[in-house]
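Raw contents of run05.txt, compact mmCIF, C-alpha atoms:
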```txt
# COMPACT_ATOMS: atom_id res chain seq x y z
CA MET K 1 35.71 -41.70 0.61
CA SER K 2 35.63 -37.97 -0.07
CA THR K 3 37.76 -36.29 -2.69
CA TYR K 4 40.28 -33.64 -1.65
CA VAL K 5 40.61 -30.92 -4.30
CA TYR K 6 43.95 -29.11 -4.77
CA ALA K 7 43.59 -27.12 -7.93
CA ILE K 8 41.81 -26.58 -11.20
CA THR K 9 43.68 -26.07 -14.45
CA ASP K 10 42.91 -25.86 -18.11
CA ALA K 11 42.73 -29.25 -19.85
CA THR K 12 45.84 -28.30 -21.82
CA HIS K 13 47.96 -27.96 -18.66
CA PRO K 14 50.57 -30.78 -18.55
CA VAL K 15 49.66 -31.64 -14.90
CA ARG K 16 52.90 -33.41 -14.06
CA LEU K 17 52.21 -35.18 -10.78
CA ASP K 18 55.33 -37.37 -10.61
CA GLY K 19 57.11 -36.98 -7.31
CA LEU K 20 54.32 -34.91 -5.77
CA ARG K 21 52.63 -36.04 -2.58
CA GLY K 22 49.11 -35.40 -1.46
CA VAL K 23 47.80 -34.68 2.01
CA GLY K 24 47.69 -37.37 4.67
CA ASP K 25 50.10 -39.77 6.29
CA PRO K 26 50.97 -41.82 4.35
CA PRO K 27 50.53 -39.24 1.55
CA SER K 28 47.54 -39.85 -0.69
CA PRO K 29 48.43 -40.43 -4.35
CA LEU K 30 47.37 -37.57 -6.61
CA ARG K 31 45.09 -38.07 -9.58
CA THR K 32 43.07 -35.96 -11.95
CA VAL K 33 39.40 -35.47 -12.67
CA ARG K 34 39.02 -34.37 -16.27
CA THR K 35 36.25 -32.83 -18.30
CA GLY K 36 36.55 -31.69 -21.90
CA THR K 37 38.09 -28.33 -21.02
CA LEU K 38 39.20 -28.45 -17.38
CA THR K 39 41.27 -30.65 -15.08
CA ALA K 40 40.98 -30.89 -11.31
CA VAL K 41 43.93 -32.26 -9.33
CA VAL K 42 42.58 -34.36 -6.47
CA SER K 43 43.36 -37.19 -4.08
CA ASP K 44 41.48 -39.27 -1.59
CA ALA K 45 40.81 -37.33 1.57
CA PRO K 46 42.47 -39.03 4.53
CA PRO K 47 40.13 -39.55 7.47
CA GLY K 48 40.53 -37.01 10.25
CA LEU K 49 42.39 -34.51 8.09
CA ARG K 50 43.27 -31.29 9.90
CA ALA K 51 45.44 -28.31 9.05
CA LYS K 52 48.68 -29.90 10.16
CA ARG K 53 51.96 -28.50 9.01
CA ARG K 54 52.74 -31.54 6.84
CA ASP K 55 49.39 -31.37 5.09
CA VAL K 56 49.42 -27.63 4.53
CA MET K 57 52.91 -28.00 3.05
CA ALA K 58 51.74 -30.82 0.80
CA HIS K 59 48.86 -28.70 -0.44
CA GLN K 60 51.18 -25.76 -1.08
CA ASN K 61 53.83 -27.86 -2.83
CA VAL K 62 51.30 -29.38 -5.23
CA LEU K 63 50.08 -25.91 -6.15
CA GLU K 64 53.54 -24.45 -6.60
CA SER K 65 54.52 -27.28 -8.86
CA LEU K 66 51.37 -26.94 -10.99
CA MET K 67 51.75 -23.16 -11.12
CA ALA K 68 55.19 -23.52 -12.68
CA ASP K 69 53.64 -25.25 -15.72
CA GLY K 70 50.72 -22.95 -16.41
CA ALA K 71 47.69 -21.12 -15.07
CA THR K 72 46.32 -22.81 -11.96
CA LEU K 73 43.36 -21.98 -9.75
CA PRO K 74 44.50 -22.81 -6.21
CA MET K 75 41.82 -24.22 -3.95
CA ARG K 76 41.66 -23.21 -0.32
CA PHE K 77 43.23 -25.79 1.98
CA GLY K 78 40.93 -28.56 3.09
CA LEU K 79 38.22 -28.52 0.44
CA LEU K 80 36.41 -31.85 0.22
CA GLY K 81 33.99 -33.05 -2.42
CA PRO K 82 31.82 -36.13 -1.95
CA ASP K 83 33.50 -38.03 -4.80
CA ASP K 84 35.22 -37.58 -8.19
CA GLU K 85 31.93 -37.52 -10.08
CA ARG K 86 30.70 -34.57 -8.08
CA VAL K 87 33.97 -32.75 -8.75
CA ALA K 88 33.45 -33.32 -12.46
CA ASP K 89 29.89 -32.01 -12.13
CA VAL K 90 31.22 -28.79 -10.62
CA LEU K 91 33.80 -28.43 -13.41
CA ASP K 92 31.01 -28.73 -15.96
CA ARG K 93 28.68 -26.39 -14.15
CA GLU K 94 31.29 -23.68 -13.50
CA GLU K 95 33.24 -24.18 -16.69
CA GLN K 96 32.78 -20.69 -18.00
CA ALA K 97 33.70 -18.96 -14.75
CA TYR K 98 36.75 -21.15 -14.15
CA ARG K 99 38.04 -20.77 -17.69
CA GLN K 100 37.65 -17.02 -17.50
CA ARG K 101 39.60 -16.86 -14.25
CA LEU K 102 42.32 -19.11 -15.64
CA ALA K 103 42.63 -16.79 -18.62
CA GLU K 104 42.88 -13.74 -16.35
CA LEU K 105 45.54 -15.35 -14.17
CA ASP K 106 47.54 -16.84 -17.00
CA GLY K 107 51.14 -15.72 -16.76
CA HIS K 108 50.67 -14.19 -13.31
CA VAL K 109 51.97 -15.00 -9.85
CA GLU K 110 51.11 -13.68 -6.41
CA TYR K 111 53.48 -11.87 -4.10
CA HIS K 112 52.55 -11.36 -0.50
CA LEU K 113 53.94 -8.43 1.44
CA LYS K 114 53.84 -7.72 5.13
CA ALA K 115 55.35 -4.61 6.62
CA GLY K 116 55.77 -3.59 10.20
CA ARG K 117 57.44 -0.76 12.00
CA ASP K 118 59.47 -0.98 15.15
CA GLU K 119 57.04 -0.13 17.92
CA GLU K 120 59.34 2.14 19.88
CA ASP K 121 60.31 4.01 16.74
CA MET K 122 56.65 4.50 15.95
CA LEU K 123 55.79 5.63 19.47
CA ARG K 124 58.60 8.17 19.37
CA ALA K 125 57.19 9.54 16.13
CA VAL K 126 53.69 9.75 17.61
CA LEU K 127 54.95 11.58 20.69
CA ALA K 128 57.06 13.91 18.60
CA ASP K 129 54.00 14.96 16.60
CA SER K 130 51.44 15.23 19.38
CA GLU K 131 51.77 17.77 22.13
CA GLN K 132 48.81 16.24 23.93
CA ALA K 133 50.44 12.82 23.93
CA ARG K 134 53.70 14.31 25.24
CA GLU K 135 51.85 16.03 28.07
CA LEU K 136 50.01 12.87 29.05
CA ASN K 137 53.23 10.90 28.83
CA GLU K 138 55.00 13.28 31.18
CA ARG K 139 52.06 13.21 33.58
CA THR K 140 52.00 9.41 33.76
CA ARG K 141 55.72 8.69 33.84
CA ASP K 142 57.19 7.01 36.90
CA GLY K 143 53.82 5.64 37.91
CA SER K 144 52.29 9.08 38.53
CA GLY K 145 49.10 10.40 36.99
CA THR K 146 45.65 8.89 37.21
CA HIS K 147 44.36 5.70 35.64
CA GLU K 148 42.26 7.92 33.38
CA ASP K 149 45.41 9.73 32.24
CA ARG K 150 47.03 6.46 31.32
CA VAL K 151 43.99 5.22 29.44
CA ALA K 152 43.72 8.58 27.67
CA LEU K 153 47.37 8.43 26.66
CA GLY K 154 47.03 4.86 25.44
CA GLU K 155 43.86 5.58 23.54
CA LEU K 156 45.32 8.62 21.85
CA VAL K 157 48.52 6.82 20.94
CA SER K 158 46.78 3.67 19.79
CA ARG K 159 44.45 5.69 17.56
CA GLU K 160 47.41 7.54 16.10
CA VAL K 161 49.32 4.30 15.55
CA VAL K 162 46.40 2.82 13.61
CA ALA K 163 45.94 6.01 11.57
CA ARG K 164 49.62 6.19 10.71
CA GLY K 165 49.67 2.52 9.75
CA GLU K 166 46.70 2.92 7.44
CA ARG K 167 48.20 6.00 5.85
CA GLU K 168 51.57 4.41 5.27
CA ALA K 169 50.03 1.17 4.01
CA GLU K 170 47.96 3.07 1.48
CA GLU K 171 50.96 5.02 0.26
CA ILE K 172 53.08 1.92 -0.15
CA VAL K 173 50.37 -0.05 -1.95
CA THR K 174 49.64 2.86 -4.26
CA ARG K 175 53.27 3.05 -5.31
CA LEU K 176 53.59 -0.72 -5.75
CA ASP K 177 50.38 -0.92 -7.75
CA GLY K 178 52.35 0.55 -10.63
CA SER K 179 54.31 -2.70 -10.84
CA ALA K 180 51.39 -5.08 -10.36
CA THR K 181 48.27 -6.06 -12.27
CA ARG K 182 46.06 -6.12 -9.19
CA SER K 183 46.40 -5.86 -5.46
CA THR K 184 44.34 -6.70 -2.44
CA VAL K 185 44.81 -5.44 1.09
CA SER K 186 43.62 -7.43 4.08
CA GLY K 187 43.31 -6.98 7.80
CA VAL K 188 46.38 -6.19 9.82
CA GLY K 189 47.20 -7.29 13.32
CA GLY K 190 50.07 -7.75 15.67
CA ASN K 191 53.05 -5.78 14.52
CA HIS K 192 52.04 -5.36 10.90
CA PHE K 193 50.48 -2.25 9.44
CA LEU K 194 50.50 -3.66 5.93
CA ASN K 195 49.25 -7.03 4.77
CA ALA K 196 48.79 -7.06 1.03
CA SER K 197 48.90 -9.37 -1.95
CA PHE K 198 49.88 -8.39 -5.45
CA LEU K 199 49.17 -10.14 -8.71
CA VAL K 200 52.28 -9.70 -10.82
CA PRO K 201 53.01 -10.71 -14.42
CA ALA K 202 55.54 -13.54 -14.29
CA GLU K 203 57.86 -11.74 -16.67
CA ARG K 204 57.87 -8.61 -14.53
CA THR K 205 58.60 -10.06 -11.12
CA ASP K 206 62.12 -8.60 -11.04
CA ALA K 207 60.74 -5.10 -11.44
CA PHE K 208 58.16 -5.73 -8.73
CA VAL K 209 60.75 -7.03 -6.27
CA GLN K 210 62.90 -3.99 -7.01
CA ALA K 211 59.95 -1.71 -6.34
CA VAL K 212 59.39 -3.40 -2.97
CA GLN K 213 63.07 -3.08 -2.20
CA ALA K 214 62.87 0.62 -3.01
CA GLU K 215 59.96 1.02 -0.58
CA ALA K 216 61.85 -0.84 2.12
CA ASP K 217 64.91 1.34 1.54
CA ARG K 218 62.80 4.47 1.66
CA CYS K 219 61.21 3.46 4.97
CA GLY K 220 64.52 2.70 6.61
CA ASN K 221 65.84 0.52 9.39
CA ALA K 222 62.90 0.77 11.74
CA TYR K 223 60.70 -1.11 9.29
CA ASP K 224 60.49 -4.76 8.38
CA PHE K 225 59.31 -5.82 4.98
CA THR K 226 58.64 -9.48 4.40
CA LEU K 227 57.97 -10.35 0.81
CA THR K 228 56.98 -13.88 -0.10
CA GLY K 229 56.64 -15.19 -3.59
CA PRO K 230 56.12 -16.18 -6.28
CA LEU K 231 53.04 -17.93 -4.94
CA PRO K 232 49.95 -19.49 -6.49
CA PRO K 233 47.38 -16.70 -6.86
CA TYR K 234 45.40 -17.58 -3.74
CA SER K 235 44.16 -14.05 -3.27
CA PHE K 236 42.94 -13.52 -6.82
CA VAL K 237 40.65 -16.45 -7.53
CA MET Y 1 64.92 -2.24 6.56
CA THR Y 2 64.64 -5.97 6.24
CA LEU Y 3 63.46 -7.56 3.08
CA VAL Y 4 63.14 -11.28 2.70
CA GLN Y 5 62.11 -12.77 -0.54
CA GLN Y 6 61.35 -16.42 -0.73
CA SER Y 7 61.23 -17.81 -4.17
CA ASN Y 8 59.40 -21.09 -4.05
CA ALA Y 9 58.35 -22.41 -7.38
CA THR Y 10 61.73 -21.91 -8.96
CA THR Y 11 63.51 -23.92 -6.30
CA GLY Y 12 61.13 -26.86 -6.50
CA GLY Y 13 59.27 -26.59 -3.24
CA SER Y 14 59.04 -24.24 -0.34
CA GLY Y 15 61.21 -24.38 2.70
CA SER Y 16 59.33 -24.87 5.91
CA GLY Y 17 60.51 -21.47 7.06
CA ASN Y 18 58.11 -19.52 4.91
CA LEU Y 19 54.95 -21.46 5.70
CA TYR Y 20 54.24 -19.12 8.58
CA ASP Y 21 54.04 -16.10 6.32
CA VAL Y 22 51.69 -17.64 3.81
CA LEU Y 23 49.56 -19.70 6.17
CA GLU Y 24 46.69 -17.23 6.07
CA LEU Y 25 46.70 -17.36 2.29
CA ILE Y 26 46.58 -21.15 2.15
CA LEU Y 27 43.95 -21.48 4.87
CA ASP Y 28 41.84 -18.45 4.17
CA ARG Y 29 42.04 -17.59 0.49
CA GLY Y 30 42.00 -19.71 -2.58
CA LEU Y 31 39.01 -20.97 -4.45
CA VAL Y 32 36.15 -22.71 -2.70
CA ILE Y 33 33.28 -24.70 -4.16
CA ASP Y 34 30.07 -23.76 -2.42
CA ALA Y 35 28.53 -27.20 -2.19
CA PHE Y 36 31.71 -28.80 -0.82
CA VAL Y 37 32.76 -28.95 2.80
CA ARG Y 38 36.03 -27.96 4.41
CA VAL Y 39 38.02 -29.75 7.04
CA SER Y 40 37.80 -28.24 10.49
CA LEU Y 41 40.19 -25.43 11.23
CA VAL Y 42 39.13 -25.02 14.83
CA GLY Y 43 41.68 -22.99 16.73
CA ILE Y 44 43.29 -21.59 13.61
CA GLU Y 45 40.85 -19.13 12.15
CA ILE Y 46 40.48 -17.34 15.45
CA LEU Y 47 43.87 -15.70 15.16
CA LYS Y 48 42.77 -13.07 12.72
CA ILE Y 49 39.62 -12.18 14.61
CA ASP Y 50 40.84 -11.50 18.11
CA VAL Y 51 43.71 -9.31 16.99
CA ARG Y 52 41.16 -6.74 15.91
CA VAL Y 53 39.29 -6.94 19.17
CA VAL Y 54 42.41 -6.50 21.24
CA VAL Y 55 43.42 -3.30 19.48
CA ALA Y 56 40.54 -1.31 20.95
CA SER Y 57 40.62 -2.46 24.57
CA VAL Y 58 41.65 -0.74 27.78
CA ASP Y 59 44.38 -3.36 28.19
CA THR Y 60 45.86 -2.30 24.89
CA TYR Y 61 45.62 1.37 25.85
CA LEU Y 62 47.44 0.71 29.09
CA ARG Y 63 50.11 -1.26 27.29
CA PHE Y 64 50.65 1.61 24.86
CA ALA Y 65 50.79 4.05 27.76
CA GLU Y 66 53.40 1.93 29.50
CA ALA Y 67 55.41 1.62 26.31
CA CYS Y 68 55.37 5.42 25.93
CA ASN Y 69 56.26 5.90 29.58
CA ARG Y 70 59.35 3.76 29.29
CA LEU Y 71 60.60 5.33 26.07
CA ASP Y 72 63.99 6.91 26.43
CA LEU Y 73 63.00 10.32 25.21
CA GLU Y 74 66.01 11.92 26.84
CA SER Y 75 69.28 10.09 26.88
CA GLY Y 76 70.33 8.76 30.25
CA ARG Y 77 66.85 8.25 31.58
CA LYS Y 78 66.49 4.78 33.00
CA ALA Y 79 63.60 2.54 32.21
CA PRO Y 80 61.38 2.02 35.23
CA THR Y 81 62.42 -1.22 36.83
CA GLN Y 82 58.89 -2.34 37.62
CA LEU Y 83 58.44 -3.09 33.95
CA THR Y 84 60.94 -5.91 34.03
CA ASP Y 85 58.29 -8.54 34.58
CA ILE Y 86 56.25 -7.40 31.65
CA VAL Y 87 59.26 -7.33 29.42
CA GLY Y 88 60.25 -10.78 30.61
CA GLU Y 89 56.85 -12.17 29.82
CA MET Y 90 56.94 -10.71 26.35
CA THR Y 91 60.34 -12.22 25.75
CA GLU Y 92 59.10 -15.64 26.66
CA SER Y 93 55.83 -15.48 24.81
CA GLY Y 94 57.29 -13.80 21.80
CA ALA Y 95 60.03 -16.35 21.44
CA LYS Y 96 58.03 -18.51 19.08
CA GLY Y 97 57.65 -15.61 16.75
CA LYS Y 98 61.40 -15.34 16.53
CA SER Y 99 61.56 -18.24 14.16
CA LYS Y 100 60.54 -15.55 11.74
CA GLY Y 101 64.05 -14.50 10.92
CA ALA Y 102 62.92 -11.43 9.06
CA LEU Y 103 62.70 -9.52 12.29
CA SER Y 104 66.13 -10.15 13.66
CA GLY Y 105 68.17 -7.77 11.53
CA ALA Y 106 66.22 -4.66 12.34
CA VAL Y 107 65.85 -5.69 15.97
CA GLU Y 108 69.58 -5.98 16.38
CA ALA Y 109 70.22 -2.71 14.65
CA PHE Y 110 67.73 -1.04 16.91
CA THR Y 111 69.21 -2.57 20.04
CA ASP Y 112 72.61 -1.24 19.14
CA THR Y 113 71.41 2.31 19.36
CA LEU Y 114 70.26 1.70 22.91
CA GLN Y 115 73.51 0.22 24.17
CA GLY Y 116 74.75 1.79 27.34
CA LYS Y 117 71.60 3.71 28.03
CA ARG Y 118 69.63 1.14 29.92
CA ASP Y 119 70.02 -1.21 32.79
CA GLU Y 120 70.29 -4.92 32.31
CA SER Y 121 66.56 -5.52 32.05
CA GLU Y 122 66.90 -4.14 28.55
CA GLU Y 123 69.10 -7.04 27.64
CA GLU Y 124 66.04 -9.21 27.43
CA ALA Y 125 63.90 -6.56 25.85
CA GLY Y 126 66.39 -6.31 23.05
CA LYS Y 127 66.14 -10.00 22.42
CA ARG Y 128 62.44 -9.99 21.88
CA PRO Y 129 61.17 -9.10 18.44
CA ALA Y 130 60.66 -5.44 19.09
CA ARG Y 131 57.22 -5.23 17.63
CA LYS Y 132 55.73 -8.23 19.33
CA SER Y 133 52.81 -6.50 20.91
CA THR Y 134 50.14 -8.15 22.99
CA ALA Y 135 48.19 -8.82 19.86
CA GLY Y 136 51.26 -10.10 18.10
CA ARG Y 137 51.89 -12.63 20.79
CA GLN Y 138 48.49 -14.12 20.35
CA THR Y 139 49.03 -14.35 16.67
CA ALA Y 140 52.35 -16.06 17.14
CA ARG Y 141 50.99 -18.53 19.62
CA LYS Y 142 47.93 -19.48 17.68
CA ARG Y 143 49.80 -19.88 14.48
CA GLU Y 144 51.74 -22.65 16.13
CA GLU Y 145 48.62 -24.79 15.80
```

What does the file become when written as structure tokens?
Amino acid sequence: MSTYVYAITDATHPVRLDGLRGVGDPPSPLRTVRTGTLTAVVSDAPPGLRAKRRDVMAHQNVLESLMADGATLPMRFGLLGPDDERVADVLDREEQAYRQRLAELDGHVEYHLKAGRDEEDMLRAVLADSEQARELNERTRDGSGTHEDRVALGELVSREVVARGEREAEEIVTRLDGSATRSTVSGVGGNHFLNASFLVPAERTDAFVQAVQAEADRCGNAYDFTLTGPLPPYSFV
Amino acid sequence: MTLVQQSNATTGGSGSGNLYDVLELILDRGLVIDAFVRVSLVGIEILKIDVRVVVASVDTYLRFAEACNRLDLESGRKAPTQLTDIVGEMTESGAKGKSKGALSGAVEAFTDTLQGKRDESEEEAGKRPARKSTAGRQTARKREE
């Protein structure tokens, strides 16, 4: 049976697994694979495992619990090794890299921030700033204007929406970087113009949350900020 | 402004409500070991790819144009009634995304400012998360997987 890997910690981490459940139904019991300097938290991999809500939650809960007791490298959901021996082989082979990353992440947590702006509010702003967009909008209102006019309006507006989003995202991340050790920005989609993760020293999370709150206040009611954390440092391993 | 902070580790486990927001982190980040395999995530990883594609399509342009056309730039102007169907569809499809409570506060505040300016088709529009765009709907739906 393959071995599901949850996390890697330093050998000195207490690794308290009591009360924690692994993936699968019924939940697989958790165990450790230990080398001289590192510990991997693993379980048997249930056959037919998929990214079901229950299993993703189990994965996340194990990591959050380990994170509370010391530096933890969170594995991506669903990582399967052939057996415990091969996991130990990897710990030996990658020992230096893993220990270095654990040292870098020690005392840090991840916060994830998404921000979006009310679409109508944003469109109003775009129209207010672009005479060309206003003209095209007037021409195509009430079903008048050509198909080309409508596409031209949409293209212009959509380009402007993306540009504004990128600009605002950069400004927000730049200001928040002052309260974080590192940050990483990833692709946006849907109604979000900002999708970023921040690595924050555990003792300075209050200041970081306040900085995010200040950004949200500055942006105003038409914006939504969703901050999630503290999380295992998924984005910084 | 809406700011939701979910503090997980300190409360001994995350509530199911925040899984949605961190799903992409759990499924798509985190450490991997090259020689090891991963369980199949068919139908899940797609969500982040097609959002990008949709942004630069004629369909998206037309949707933006329609959204601009129906903006109440001058008070008293009525939204074109032929848009009701589109709005209705967005309400239905976007409903799953509403479990994300973070949106509701700002949406309600925004709806308030429109009271009395629109006909009843706006009733439904106000209920949808205001920024559920076409791309957003796909995200919401696929994340249900």

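The protein and nucleic acid residues lying at most 7 Å from Ala71 of chain K are Thr9, Met67, Leu102, Leu105, Asp106 and Gly107 of chain K, with all atoms listed in the file considered and sequence neighbours fewer than 4 positions away removed.
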
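When atom CA of Arg150 of chain K is paired with atom CA of Ala115 of chain K, their separation reads 28.3 Å.
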
Residues of segment 92-130 of chain K that approach segment 17-37 of chain Y to 12 Å or less, counting only C-alpha atoms: could you list each one with the shortest pair of atoms and its distance in Å to one decimal, rows by chain and increasing residue number, as CSV?
```
residue,atom,partner,partner_atom,distance
K:Arg93,CA,Y:Ile33,CA,11.1
K:Glu94,CA,Y:Ile33,CA,9.6
K:Ala97,CA,Y:Leu31,CA,11.8
K:Tyr98,CA,Y:Leu31,CA,10.0
K:Arg101,CA,Y:Leu31,CA,10.6
K:Leu102,CA,Y:Leu31,CA,11.8
K:Glu110,CA,Y:Leu25,CA,10.4
K:Tyr111,CA,Y:Val22,CA,10.0
K:His112,CA,Y:Val22,CA,7.7
K:Leu113,CA,Y:Asp21,CA,9.1
K:Lys114,CA,Y:Asp21,CA,8.5
K:Ala115,CA,Y:Asp21,CA,11.6
```

Hey, can you spit out that residue selection with C-alpha atoms as an mmCIF file, in the frame of the given file?
```cif
data_model
loop_
_atom_site.group_PDB
_atom_site.id
_atom_site.type_symbol
_atom_site.label_atom_id
_atom_site.label_comp_id
_atom_site.auth_asym_id
_atom_site.auth_seq_id
_atom_site.Cartn_x
_atom_site.Cartn_y
_atom_site.Cartn_z
ATOM 1 C CA ARG K 93 28.680 -26.390 -14.150
ATOM 2 C CA GLU K 94 31.290 -23.680 -13.500
ATOM 3 C CA ALA K 97 33.700 -18.960 -14.750
ATOM 4 C CA TYR K 98 36.750 -21.150 -14.150
ATOM 5 C CA ARG K 101 39.600 -16.860 -14.250
ATOM 6 C CA LEU K 102 42.320 -19.110 -15.640
ATOM 7 C CA GLU K 110 51.110 -13.680 -6.410
ATOM 8 C CA TYR K 111 53.480 -11.870 -4.100
ATOM 9 C CA HIS K 112 52.550 -11.360 -0.500
ATOM 10 C CA LEU K 113 53.940 -8.430 1.440
ATOM 11 C CA LYS K 114 53.840 -7.720 5.130
ATOM 12 C CA ALA K 115 55.350 -4.610 6.620
#
```

> What is the atom CA of Ala67 of chain Y to atom CA of Arg124 of chain K distance in Å?
Replying inline: 10.1 Å

>> Taking all atoms listed in the file into account and nothing else, which residues of chain K lie no more than 6 Å away from chain Y? Please answer as an MDAnalysis selection string.
In response: chainID K and resid 61 64 74:81 118:119 137 141 150:151 153:155 189:191 216 220:221 223:230 234:235 237

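Atom CA of Ser183 of chain K lies 25.8 Å from atom CA of Arg159 of chain K.
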
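Residues in contact range of Pro27 of chain K, defined as at most 10 Å between all atoms listed in the file, with sequence neighbours fewer than 6 positions away removed, read Leu20, Arg21, Ser43, Asp44, Ala45, Pro46, Arg54, Asp55 and Ala58 of chain K.
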
Since the input is missing atoms, can you rebuild N, CA and C atoms for segment 138-157 of chain K and write them as a CSV table (one decimal), in the coordinates of the input?
```csv
chain,number,residue,atom,x,y,z
K,138,GLU,N,54.3,12.7,30.0
K,138,GLU,CA,55.0,13.3,31.2
K,138,GLU,C,54.2,13.1,32.5
K,139,ARG,N,52.9,13.3,32.4
K,139,ARG,CA,52.1,13.2,33.6
K,139,ARG,C,52.0,11.8,34.2
K,140,THR,N,52.2,10.8,33.3
K,140,THR,CA,52.0,9.4,33.8
K,140,THR,C,53.3,8.7,34.0
K,141,ARG,N,54.4,9.3,33.7
K,141,ARG,CA,55.7,8.7,33.8
K,141,ARG,C,56.0,8.3,35.3
K,142,ASP,N,56.8,7.4,35.5
K,142,ASP,CA,57.2,7.0,36.9
K,142,ASP,C,56.0,6.7,37.7
K,143,GLY,N,55.0,6.1,37.1
K,143,GLY,CA,53.8,5.6,37.9
K,143,GLY,C,52.9,6.7,38.4
K,144,SER,N,53.2,8.0,38.1
K,144,SER,CA,52.3,9.1,38.5
K,144,SER,C,51.1,9.2,37.6
K,145,GLY,N,50.3,10.2,37.8
K,145,GLY,CA,49.1,10.4,37.0
K,145,GLY,C,48.0,9.4,37.4
K,146,THR,N,46.8,9.7,36.9
K,146,THR,CA,45.6,8.9,37.2
K,146,THR,C,45.5,7.8,36.2
K,147,HIS,N,44.7,6.8,36.6
K,147,HIS,CA,44.4,5.7,35.6
K,147,HIS,C,43.8,6.3,34.4
K,148,GLU,N,42.9,7.3,34.5
K,148,GLU,CA,42.3,7.9,33.4
K,148,GLU,C,43.3,8.5,32.4
K,149,ASP,N,44.3,9.2,33.1
K,149,ASP,CA,45.4,9.7,32.2
K,149,ASP,C,46.1,8.7,31.4
K,150,ARG,N,46.3,7.5,32.0
K,150,ARG,CA,47.0,6.5,31.3
K,150,ARG,C,46.2,5.9,30.2
K,151,VAL,N,44.9,5.7,30.5
K,151,VAL,CA,44.0,5.2,29.4
K,151,VAL,C,43.9,6.2,28.3
K,152,ALA,N,43.8,7.5,28.7
K,152,ALA,CA,43.7,8.6,27.7
K,152,ALA,C,45.0,8.6,26.8
K,153,LEU,N,46.1,8.5,27.4
K,153,LEU,CA,47.4,8.4,26.7
K,153,LEU,C,47.4,7.2,25.7
K,154,GLY,N,47.0,6.1,26.3
K,154,GLY,CA,47.0,4.9,25.4
K,154,GLY,C,46.0,4.9,24.3
K,155,GLU,N,44.9,5.5,24.6
K,155,GLU,CA,43.9,5.6,23.5
K,155,GLU,C,44.3,6.5,22.4
K,156,LEU,N,44.8,7.7,22.8
K,156,LEU,CA,45.3,8.6,21.8
K,156,LEU,C,46.4,8.0,21.0
K,157,VAL,N,47.4,7.4,21.7
K,157,VAL,CA,48.5,6.8,20.9
K,157,VAL,C,48.1,5.7,20.0
```
